[in-house]
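> Here you go, work24.cif (mmCIF, C-alpha atoms):
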```cif
data_my_file
#
loop_
_atom_site.label_atom_id
_atom_site.label_comp_id
_atom_site.auth_asym_id
_atom_site.auth_seq_id
_atom_site.Cartn_x
_atom_site.Cartn_y
_atom_site.Cartn_z
CA MET A 1062 105.05 127.28 112.17
CA ALA A 1063 103.93 123.63 111.86
CA LEU A 1064 102.32 122.40 108.65
CA LYS A 1065 98.56 122.88 108.77
CA ALA A 1066 97.32 121.52 105.42
CA ILE A 1067 96.76 118.28 103.54
CA HIS A 1068 98.58 118.41 100.19
CA VAL A 1069 97.18 117.38 96.84
CA ALA A 1070 100.49 117.22 94.94
CA ASP A 1071 102.90 114.29 94.72
CA VAL A 1072 105.97 116.00 96.12
CA PRO A 1073 109.33 114.51 95.12
CA ASN A 1074 111.96 113.45 97.64
CA PHE A 1075 109.81 113.45 100.80
CA ASP A 1076 108.79 110.07 102.25
CA HIS A 1077 107.62 110.36 105.85
CA PRO A 1078 104.16 110.74 107.40
CA ALA A 1079 102.76 114.24 107.12
CA TYR A 1080 101.75 116.21 110.17
CA ILE A 1081 97.96 116.32 110.41
CA PRO A 1082 96.24 118.64 112.89
CA GLU A 1083 93.63 117.35 115.31
CA THR A 1084 90.22 117.76 113.65
CA PRO A 1085 87.29 115.91 115.20
CA THR A 1086 84.61 117.05 112.72
CA ILE A 1087 83.56 114.17 110.45
CA PHE A 1088 80.37 115.37 108.71
CA SER A 1089 80.45 115.49 104.91
CA PRO A 1090 77.78 116.23 102.26
CA SER A 1091 75.75 113.54 100.53
CA VAL A 1092 76.22 112.13 97.02
CA PRO A 1093 73.64 113.49 94.54
CA SER A 1094 71.64 111.06 92.47
CA GLY A 1095 72.72 110.24 88.93
CA TYR A 1096 76.31 109.29 89.75
CA LEU A 1097 75.89 106.63 92.38
CA GLU A 1098 72.61 105.00 93.22
CA ALA A 1099 72.31 103.37 96.63
CA GLU A 1100 70.78 99.91 96.87
CA GLU A 1101 69.89 98.57 100.29
CA LYS A 1102 67.84 95.54 101.23
CA GLU A 1103 67.01 94.28 104.67
CA GLY A 1104 69.85 92.23 106.08
CA LYS A 1105 72.29 93.13 103.29
CA GLN A 1106 75.08 95.66 103.09
CA ARG A 1107 74.50 98.94 101.31
CA SER A 1108 76.00 99.02 97.81
CA TYR A 1109 76.51 101.78 95.26
CA LYS A 1110 76.08 101.40 91.51
CA ASN A 1111 77.05 103.93 88.90
CA GLY A 1112 74.15 105.04 86.72
CA LYS A 1113 76.41 105.22 83.64
CA PHE A 1114 79.89 104.30 82.45
CA VAL A 1115 82.12 106.76 84.29
CA VAL A 1116 85.37 108.30 83.04
CA MET A 1117 87.74 109.71 85.67
CA GLY A 1118 90.81 111.84 84.90
CA HIS A 1119 93.91 110.36 86.56
CA ARG A 1120 95.46 113.06 88.76
CA GLY A 1121 93.44 115.54 86.73
CA SER A 1122 94.41 115.53 83.05
CA GLY A 1123 96.71 112.53 83.43
CA MET A 1124 99.72 111.47 85.47
CA ASN A 1125 103.25 112.62 84.59
CA ILE A 1126 105.81 110.09 83.34
CA LEU A 1127 108.85 112.28 82.87
CA GLN A 1128 110.95 109.67 81.07
CA SER A 1129 108.17 108.98 78.53
CA SER A 1130 108.59 109.98 74.88
CA ASP A 1131 104.84 110.67 74.69
CA HIS A 1132 104.27 114.39 75.24
CA LYS A 1133 100.78 113.68 76.61
CA MET A 1134 102.42 112.23 79.74
CA LYS A 1135 104.14 115.58 80.35
CA CYS A 1136 101.46 118.00 79.21
CA PHE A 1137 99.96 119.29 82.50
CA LYS A 1138 101.42 119.11 86.02
CA GLU A 1139 99.56 116.27 87.69
CA ASN A 1140 97.57 116.94 90.87
CA SER A 1141 97.42 120.68 90.19
CA VAL A 1142 94.44 123.02 89.91
CA LEU A 1143 95.59 123.73 86.35
CA SER A 1144 95.39 120.03 85.45
CA PHE A 1145 92.05 119.57 87.23
CA ASN A 1146 90.34 122.44 85.44
CA HIS A 1147 91.78 121.42 82.07
CA ALA A 1148 90.16 118.00 82.57
CA ALA A 1149 86.80 119.69 83.20
CA GLN A 1150 86.74 120.89 79.58
CA PHE A 1151 86.02 117.34 78.40
CA ASN A 1152 82.86 116.81 80.43
CA LEU A 1153 84.44 114.21 82.70
CA ASP A 1154 82.44 112.73 85.53
CA PHE A 1155 85.27 112.70 88.09
CA ILE A 1156 88.90 113.48 88.56
CA GLU A 1157 91.08 111.26 90.74
CA PHE A 1158 93.78 112.90 92.81
CA ASP A 1159 96.12 112.12 95.68
CA VAL A 1160 95.75 113.55 99.15
CA GLN A 1161 99.08 113.02 100.82
CA GLY A 1162 99.57 111.38 104.15
CA VAL A 1163 103.29 111.27 103.26
CA ILE A 1164 105.93 113.59 101.77
CA THR A 1165 109.73 112.53 101.19
CA GLU A 1166 113.29 112.62 102.61
CA LYS A 1167 112.49 115.43 104.99
CA LYS A 1168 109.76 115.14 107.59
CA VAL A 1169 106.86 117.44 106.88
CA THR A 1170 106.76 118.46 110.51
CA GLU A 1171 110.22 119.95 109.96
CA ILE A 1172 109.07 122.31 107.21
CA THR A 1173 106.49 125.06 107.13
CA LEU A 1174 103.57 125.25 104.74
CA GLU A 1175 105.28 128.29 103.23
CA GLU A 1176 108.40 126.25 102.51
CA PHE A 1177 106.39 123.42 100.98
CA LEU A 1178 104.58 125.76 98.60
CA SER A 1179 107.86 127.43 97.62
CA TYR A 1180 108.67 124.59 95.20
CA GLY A 1181 107.88 125.00 91.50
CA PRO A 1182 105.85 127.79 89.91
CA GLN A 1183 104.43 130.31 92.34
CA LYS A 1184 101.01 131.92 92.42
CA GLU A 1185 102.53 135.33 91.65
CA PRO A 1186 102.72 135.73 87.83
CA GLY A 1187 106.20 135.02 86.47
CA LYS A 1188 107.66 133.90 89.80
CA VAL A 1189 109.33 130.48 89.94
CA GLY A 1190 110.33 128.78 93.17
CA LYS A 1191 112.75 126.00 94.02
CA THR A 1192 113.42 123.31 91.43
CA MET A 1193 111.36 120.14 91.79
CA VAL A 1194 112.74 116.71 90.96
CA ARG A 1195 111.09 113.32 90.81
CA LYS A 1196 112.47 109.86 91.44
CA ALA A 1197 111.40 107.30 88.83
CA LYS A 1198 110.76 103.62 89.56
CA ASP A 1199 114.12 102.74 88.03
CA GLY A 1200 115.84 104.98 90.60
CA SER A 1201 116.72 107.80 88.22
CA VAL A 1202 116.08 111.36 89.38
CA LEU A 1203 114.62 113.76 86.83
CA GLU A 1204 113.75 117.43 86.93
CA TRP A 1205 109.98 117.72 87.04
CA LYS A 1206 109.39 119.65 83.81
CA VAL A 1207 106.06 119.71 81.99
CA GLU A 1208 104.63 121.74 79.13
CA ASN A 1209 101.97 123.44 81.28
CA ASP A 1210 103.15 123.88 84.84
CA GLY A 1211 101.21 125.17 87.82
CA PRO A 1212 101.70 125.88 91.54
CA LEU A 1213 101.38 123.18 94.17
CA CYS A 1214 98.00 123.32 95.84
CA THR A 1215 96.39 122.35 99.12
CA PHE A 1216 93.37 120.09 99.52
CA GLN A 1217 91.28 123.12 100.47
CA GLU A 1218 92.24 124.92 97.25
CA ALA A 1219 91.03 121.95 95.21
CA PHE A 1220 87.51 122.57 96.55
CA GLU A 1221 87.75 126.33 96.18
CA LYS A 1222 89.28 126.56 92.70
CA VAL A 1223 88.24 123.47 90.72
CA ASP A 1224 85.19 123.43 88.44
CA THR A 1225 82.20 122.32 90.53
CA SER A 1226 80.96 120.04 87.73
CA LEU A 1227 83.76 117.58 88.55
CA GLY A 1228 83.32 114.85 91.10
CA PHE A 1229 86.32 114.07 93.30
CA ASN A 1230 87.78 110.58 93.68
CA ILE A 1231 90.05 111.27 96.63
CA GLU A 1232 92.87 108.74 96.90
CA LEU A 1233 94.29 108.65 100.41
CA LYS A 1234 98.04 108.24 99.91
CA LEU A 1235 99.85 106.48 102.73
CA ASP A 1236 103.15 104.66 103.17
CA ASP A 1237 102.92 101.15 101.68
CA TYR A 1238 105.46 99.77 104.11
CA LYS A 1239 104.35 101.32 107.38
CA ILE A 1240 101.96 99.81 109.90
CA TYR A 1241 99.67 102.58 111.15
CA ASP A 1242 97.91 102.43 114.48
CA GLU A 1243 94.27 103.48 114.60
CA VAL A 1244 94.97 106.69 116.51
CA GLU A 1245 97.33 107.98 113.83
CA LEU A 1246 95.04 106.93 110.97
CA LYS A 1247 92.06 108.53 112.65
CA ARG A 1248 93.93 111.81 113.02
CA ILE A 1249 94.84 111.79 109.31
CA LEU A 1250 91.35 110.90 108.10
CA GLN A 1251 89.58 113.36 110.37
CA ALA A 1252 91.76 116.12 108.98
CA VAL A 1253 90.62 115.18 105.46
CA LEU A 1254 86.98 115.11 106.55
CA LYS A 1255 87.31 118.48 108.28
CA VAL A 1256 88.39 120.12 105.01
CA ILE A 1257 85.45 118.50 103.21
CA ASP A 1258 83.05 119.62 105.93
CA GLU A 1259 84.24 123.23 105.73
CA HIS A 1260 84.90 123.65 102.00
CA ALA A 1261 83.10 121.05 99.87
CA ASP A 1262 80.32 122.10 97.53
CA GLN A 1263 77.08 120.39 98.40
CA GLY A 1264 76.56 119.33 94.78
CA ARG A 1265 80.01 117.82 94.16
CA PRO A 1266 80.10 114.00 94.23
CA ILE A 1267 82.91 112.57 96.36
CA ILE A 1268 84.29 109.06 96.76
CA PHE A 1269 87.26 107.88 98.80
CA SER A 1270 89.81 105.24 97.79
CA SER A 1271 93.10 103.88 99.10
CA PHE A 1272 95.48 100.95 98.77
CA GLN A 1273 95.82 100.99 102.57
CA PRO A 1274 93.18 98.53 103.87
CA ASP A 1275 93.02 99.91 107.41
CA ALA A 1276 92.56 103.44 106.07
CA VAL A 1277 89.50 102.62 103.95
CA GLN A 1278 88.02 100.49 106.72
CA LEU A 1279 88.34 103.34 109.19
CA MET A 1280 87.07 105.93 106.70
CA ARG A 1281 83.94 103.82 106.28
CA LYS A 1282 83.45 103.85 110.07
CA LEU A 1283 84.00 107.61 110.35
CA GLN A 1284 81.40 108.59 107.75
CA GLU A 1285 78.58 107.07 105.71
CA ASN A 1286 77.77 109.86 103.25
CA HIS A 1287 80.47 109.11 100.65
CA PRO A 1288 81.24 105.73 99.09
CA VAL A 1289 84.59 104.16 100.03
CA TYR A 1290 86.49 101.99 97.53
CA PHE A 1291 89.40 99.62 98.06
CA LEU A 1292 92.27 100.11 95.61
CA THR A 1293 94.07 96.92 94.58
CA ASN A 1294 96.41 95.78 91.85
CA GLY A 1295 94.81 92.37 92.19
CA GLY A 1296 98.01 90.37 92.51
CA CYS A 1297 100.06 92.22 89.88
CA GLU A 1298 102.40 92.99 92.79
CA ILE A 1299 102.66 91.10 96.08
CA TYR A 1300 102.61 92.75 99.52
CA GLY A 1301 102.97 91.56 103.09
CA ASP A 1302 99.28 92.26 103.74
CA PRO A 1303 97.29 89.43 102.07
CA ARG A 1304 94.24 91.69 101.66
CA ARG A 1305 96.14 93.47 98.88
CA ASN A 1306 97.21 90.43 96.88
CA SER A 1307 94.19 89.23 94.90
CA LEU A 1308 90.73 90.19 93.73
CA GLU A 1309 89.29 87.36 95.83
CA GLU A 1310 90.84 88.91 98.95
CA ALA A 1311 89.60 92.35 97.88
CA ILE A 1312 86.01 91.09 97.65
CA LYS A 1313 86.28 89.42 101.05
CA PHE A 1314 87.77 92.52 102.63
CA CYS A 1315 85.15 94.86 101.13
CA HIS A 1316 82.38 92.78 102.64
CA GLU A 1317 84.05 92.63 106.03
CA ALA A 1318 84.66 96.40 106.04
CA GLY A 1319 81.31 97.38 104.53
CA LEU A 1320 82.92 99.11 101.54
CA GLN A 1321 81.03 100.03 98.40
CA GLY A 1322 83.45 99.06 95.66
CA ILE A 1323 86.81 98.04 94.24
CA VAL A 1324 89.23 100.03 92.08
CA SER A 1325 91.38 97.40 90.38
CA GLN A 1326 94.44 97.44 88.14
CA VAL A 1327 92.91 96.68 84.73
CA ARG A 1328 95.51 93.99 84.02
CA ALA A 1329 94.21 91.98 86.96
CA ILE A 1330 90.69 92.13 85.51
CA PHE A 1331 91.83 91.08 82.04
CA ARG A 1332 93.83 88.18 83.49
CA HIS A 1333 90.82 87.02 85.48
CA PRO A 1334 87.73 88.25 83.58
CA THR A 1335 85.39 85.93 85.48
CA MET A 1336 86.04 88.07 88.55
CA VAL A 1337 83.83 90.82 87.08
CA ALA A 1338 80.76 88.61 87.57
CA ARG A 1339 81.97 87.67 91.07
CA ILE A 1340 82.34 91.33 92.02
CA LYS A 1341 78.92 92.24 90.62
CA GLU A 1342 77.30 89.28 92.39
CA SER A 1343 78.88 90.61 95.58
CA LYS A 1344 76.97 93.89 95.11
CA LEU A 1345 80.20 95.86 94.72
CA SER A 1346 80.92 98.58 92.21
CA LEU A 1347 84.00 98.05 89.99
CA ILE A 1348 86.28 100.72 88.51
CA THR A 1349 89.71 100.15 86.96
CA TYR A 1350 92.99 102.04 86.61
CA GLY A 1351 96.18 101.44 84.63
CA GLN A 1352 97.84 102.44 81.37
CA LEU A 1353 95.72 100.01 79.35
CA ASN A 1354 92.86 102.37 80.09
CA ASN A 1355 94.45 104.80 77.62
CA VAL A 1356 93.57 102.37 74.81
CA PRO A 1357 89.99 102.87 73.52
CA GLU A 1358 89.55 99.20 72.57
CA ALA A 1359 90.51 98.10 76.10
CA VAL A 1360 88.06 100.58 77.59
CA TYR A 1361 85.28 99.42 75.31
CA MET A 1362 85.91 95.80 76.24
CA GLN A 1363 85.47 96.77 79.90
CA HIS A 1364 82.25 98.56 79.03
CA LEU A 1365 80.94 95.30 77.51
CA MET A 1366 82.12 93.28 80.51
CA GLY A 1367 80.01 95.39 82.87
CA ILE A 1368 82.78 97.39 84.53
CA GLU A 1369 81.33 100.68 85.70
CA GLY A 1370 84.14 103.14 85.14
CA VAL A 1371 87.77 103.77 84.19
CA ILE A 1372 90.52 106.08 85.47
CA VAL A 1373 92.49 107.37 82.48
CA ASP A 1374 95.41 109.62 81.55
CA PHE A 1375 94.35 110.45 77.98
CA VAL A 1376 91.16 112.14 79.09
CA GLN A 1377 90.21 113.78 75.80
CA GLU A 1378 90.79 110.71 73.63
CA ILE A 1379 88.98 108.29 75.94
CA LYS A 1380 86.06 110.63 76.59
CA GLU A 1381 85.58 111.07 72.84
CA ALA A 1382 85.81 107.31 72.31
CA ILE A 1383 83.19 106.70 75.01
CA SER A 1384 80.90 109.19 73.27
CA ASP A 1385 81.34 107.26 70.03
CA PHE A 1386 80.51 104.00 71.81
CA ASN A 1387 77.28 105.46 73.15
CA GLU A 1388 76.28 107.04 69.85
CA THR A 1389 76.86 103.96 67.73
CA GLU A 1390 75.87 101.18 70.11
CA GLU A 1391 72.26 101.28 68.96
CA ASP A 1392 73.22 101.52 65.28
CA TYR A 1393 73.53 97.85 64.34
CA SER A 1394 71.77 95.26 62.16
CA SER A 1395 70.95 91.61 62.82
CA VAL A 1396 72.40 88.91 60.58
CA ASP A 1397 71.67 85.25 61.28
CA GLY A 1398 70.70 86.11 64.82
CA GLU A 1399 74.05 87.81 65.55
CA GLU A 1400 74.51 91.52 66.04
CA ILE A 1401 77.11 92.95 63.67
CA VAL A 1402 78.09 96.57 63.20
CA GLU A 1403 80.95 98.69 61.90
CA ASN A 1404 82.00 101.65 63.96
CA ARG A 1405 82.76 104.74 61.91
CA ASN A 1406 86.02 104.94 63.87
CA ARG A 1407 86.87 101.30 63.14
CA LEU A 1408 86.25 100.26 66.73
CA PRO A 1409 83.98 97.32 67.56
CA VAL A 1410 80.59 98.46 68.80
CA LYS A 1411 78.82 95.19 69.51
CA PHE A 1412 80.18 91.66 69.83
CA SER A 1413 78.12 88.50 69.52
CA ASP A 1414 78.11 86.26 72.59
CA ARG A 1415 80.43 83.88 70.74
CA GLU A 1416 82.91 86.65 69.89
CA LEU A 1417 82.85 88.05 73.42
CA SER A 1418 83.46 84.60 74.91
CA PHE A 1419 86.46 84.10 72.63
CA LEU A 1420 87.95 87.49 73.50
CA LEU A 1421 87.54 86.92 77.22
CA LYS A 1422 89.43 83.63 76.89
CA LEU A 1423 92.14 85.23 74.77
CA ILE A 1424 92.80 88.38 76.83
CA PRO A 1425 94.47 86.66 79.83
CA GLU A 1426 96.99 85.12 77.44
CA LEU A 1427 97.80 88.53 75.96
CA ILE A 1428 98.26 90.36 79.26
CA GLN A 1429 101.75 89.61 80.52
CA THR A 1430 103.13 90.33 83.98
#
```
Represent the structure of the file as structure tokens.

Amino acid sequence: MALKAIHVADVPNFDHPAYIPETPTIFSPSVPSGYLEAEEKEGKQRSYKNGKFVVMGHRGSGMNILQSSDHKMKCFKENSVLSFNHAAQFNLDFIEFDVQGVITEKKVTEITLEEFLSYGPQKEPGKVGKTMVRKAKDGSVLEWKVENDGPLCTFQEAFEKVDTSLGFNIELKLDDYKIYDEVELKRILQAVLKVIDEHADQGRPIIFSSFQPDAVQLMRKLQENHPVYFLTNGGCEIYGDPRRNSLEEAIKFCHEAGLQGIVSQVRAIFRHPTMVARIKESKLSLITYGQLNNVPEAVYMQHLMGIEGVIVDFVQEIKEAISDFNETEEDYSSVDGEEIVENRNRLPVKFSDRELSFLLKLIPELIQT
């Protein structure tokens, strides 16, 4: 039996395009107000702006870094229903997760869905399947062991089993080094849209994102109901496709493709803080990702800079810090025309213009490659 599902989980040791069935349906439900507000003027592209500072759980309750000494990086199996629903406990706005267009070492068309789901913990209580391993960036191969493990899940199950209060930031995972033709990309994206059409809750906000420029451009053409964001590391790594290599190129590409926003590596933003104003002037929404987003001070600085949301691993800590920011931001006094305040948690709550200017000049020097 050929594989008939799009997979949410990052599966180790599979690295070829997944088989995607032909699915021509492309309708998907609209985004409710309160998360993204559409702005459209005659002769200008449609843009989306978040109504509040948004916190998104990275792959649910945080990605797994198996070689890390921090237990929080190995607490819940990433991209699992278990991790998604744990994140919902902290009143997050969205979770971000990966929908695979690729698996590794063995072509997905050569395995059945049953075989794929046989890895790791099984849905039957107490039953454990085949051992999963994961290849780290340094080339080492580690057994994929976490404190709270859960079964692999399909894209459909994410809609059926995950708390409906959570919005979905659906990252379309594709091979960085493959050139896709439009026919193949269309088949992959239509399969994703078919699942959304048949299983999405009407009230659940959805956005799409991908590092693959052609994929987000085509997704924007296939549907207009959900915002589409371009993922970029803003020059932190260099690729053959120039659209991926700077924030300037990302802005240009978003305008050409009619996209609604950028999801940038936070280091790129801190190295080039003036780009925040450029992105906002371009009527694009801006969200960031990266391990610096697990540091409350770095998140608060982005809040002051006008960035609209962050994707984080330490969901509980950052959500609590954001709540503190909001609660204390109005609790300040004026001294010599400058706003000064002490946060009860020893975090800065309001900077003067002079202090903010200094920090923005200093940050690029502190952020190393």
> When you look at His1132 (chain A) with a cut-off of 12 Å (counting all atoms listed in the file), what residues show up, excluding the ones that are within fewer than 2 positions of it in the same chain? I need them as a list in words.
Gly1123, Met1124, Asn1125, Ile1126, Leu1127, Gln1128, Ser1129, Ser1130, Met1134, Lys1135, Cys1136, Phe1137, Lys1206, Val1207, Glu1208, Asn1209, Asp1374 and Phe1375 of chain A
> Would you save the residues of that selection, restricted to C-alpha atoms, as a CSV table (one decimal), keeping the file's coordinate frame?

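Result file follows (part17.csv):
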```csv
chain,number,residue,atom,x,y,z
A,1123,GLY,CA,96.7,112.5,83.4
A,1124,MET,CA,99.7,111.5,85.5
A,1125,ASN,CA,103.2,112.6,84.6
A,1126,ILE,CA,105.8,110.1,83.3
A,1127,LEU,CA,108.8,112.3,82.9
A,1128,GLN,CA,111.0,109.7,81.1
A,1129,SER,CA,108.2,109.0,78.5
A,1130,SER,CA,108.6,110.0,74.9
A,1134,MET,CA,102.4,112.2,79.7
A,1135,LYS,CA,104.1,115.6,80.4
A,1136,CYS,CA,101.5,118.0,79.2
A,1137,PHE,CA,100.0,119.3,82.5
A,1206,LYS,CA,109.4,119.6,83.8
A,1207,VAL,CA,106.1,119.7,82.0
A,1208,GLU,CA,104.6,121.7,79.1
A,1209,ASN,CA,102.0,123.4,81.3
A,1374,ASP,CA,95.4,109.6,81.6
A,1375,PHE,CA,94.4,110.4,78.0
```
> If I wrap all listed atoms of region 1194-1208 of chain A in a box with edges along x, y and z and add 3 Å on each side, what are its centre and edge lengths in Å to one decimal, as AutoDock Vina command-line options?

```
--center_x 110.7 --center_y 112.2 --center_z 85.3 --size_x 18.1 --size_y 25.0 --size_z 18.3
```
> Could you give me, as a list in words, the residues within 7 Å of region 1222-1234 of chain A, counting only C-alpha atoms and dropping anything in the same chain fewer than 6 positions from it?
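Non-adjacent residues within range: Val1142, Phe1145, Asn1146, Ala1149, Leu1153, Asp1154, Phe1155, Ile1156, Glu1157, Phe1158, Asp1159, Val1160, Gln1161, Gly1162, Val1163, Arg1265, Pro1266, Ile1267, Ile1268, Phe1269, Ser1270 and Ser1271 of chain A.
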> Extract, using all atoms listed in the file, all DNA, RNA and protein residues at most 10 Å from Asp1275 (chain A), discarding same-chain residues fewer than 2 positions from it, and format them as a PyMOL selection string.
chain A and resi 1240-1243+1246+1271-1273+1277-1281+1318
> Using only C-alpha atoms, which residues of region 1275-1297 of chain A come within 12 Å of region 1333-1348 of chain A, and what is the closest atom pair for each, with the distance in Å to one decimal? Give it as JSON lines, sorted by chain and residue number.

```
{"residue": "A:Pro1288", "atom": "CA", "partner": "A:Ser1346", "partner_atom": "CA", "distance": 9.9}
{"residue": "A:Val1289", "atom": "CA", "partner": "A:Ser1346", "partner_atom": "CA", "distance": 10.3}
{"residue": "A:Tyr1290", "atom": "CA", "partner": "A:Ser1346", "partner_atom": "CA", "distance": 8.4}
{"residue": "A:Phe1291", "atom": "CA", "partner": "A:Leu1347", "partner_atom": "CA", "distance": 9.8}
{"residue": "A:Leu1292", "atom": "CA", "partner": "A:Ile1348", "partner_atom": "CA", "distance": 9.3}
{"residue": "A:Thr1293", "atom": "CA", "partner": "A:Ile1348", "partner_atom": "CA", "distance": 10.6}
{"residue": "A:Asn1294", "atom": "CA", "partner": "A:Ile1348", "partner_atom": "CA", "distance": 11.8}
{"residue": "A:Gly1295", "atom": "CA", "partner": "A:His1333", "partner_atom": "CA", "distance": 9.5}
{"residue": "A:Gly1296", "atom": "CA", "partner": "A:His1333", "partner_atom": "CA", "distance": 10.6}
{"residue": "A:Cys1297", "atom": "CA", "partner": "A:His1333", "partner_atom": "CA", "distance": 11.5}
```
> Mind writing the picked residues with C-alpha atoms as a PDB file, keeping the file's coordinate frame?

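Result saved to selection.pdb:
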```pdb
ATOM      1  CA  PRO A1288      81.240 105.730  99.090  1.00  0.00           C
ATOM      2  CA  VAL A1289      84.590 104.160 100.030  1.00  0.00           C
ATOM      3  CA  TYR A1290      86.490 101.990  97.530  1.00  0.00           C
ATOM      4  CA  PHE A1291      89.400  99.620  98.060  1.00  0.00           C
ATOM      5  CA  LEU A1292      92.270 100.110  95.610  1.00  0.00           C
ATOM      6  CA  THR A1293      94.070  96.920  94.580  1.00  0.00           C
ATOM      7  CA  ASN A1294      96.410  95.780  91.850  1.00  0.00           C
ATOM      8  CA  GLY A1295      94.810  92.370  92.190  1.00  0.00           C
ATOM      9  CA  GLY A1296      98.010  90.370  92.510  1.00  0.00           C
ATOM     10  CA  CYS A1297     100.060  92.220  89.880  1.00  0.00           C
TER      11      CYS A1297
END
```
> Taking all atoms listed in the file into account, name the residue in A:Asp1210, A:Gly1121, A:Gly1351, A:Asn1306 that is nearest to Tyr1180 (chain A).
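Looking at the shortest contact to Tyr1180 (chain A), the residue is A:Asp1210.
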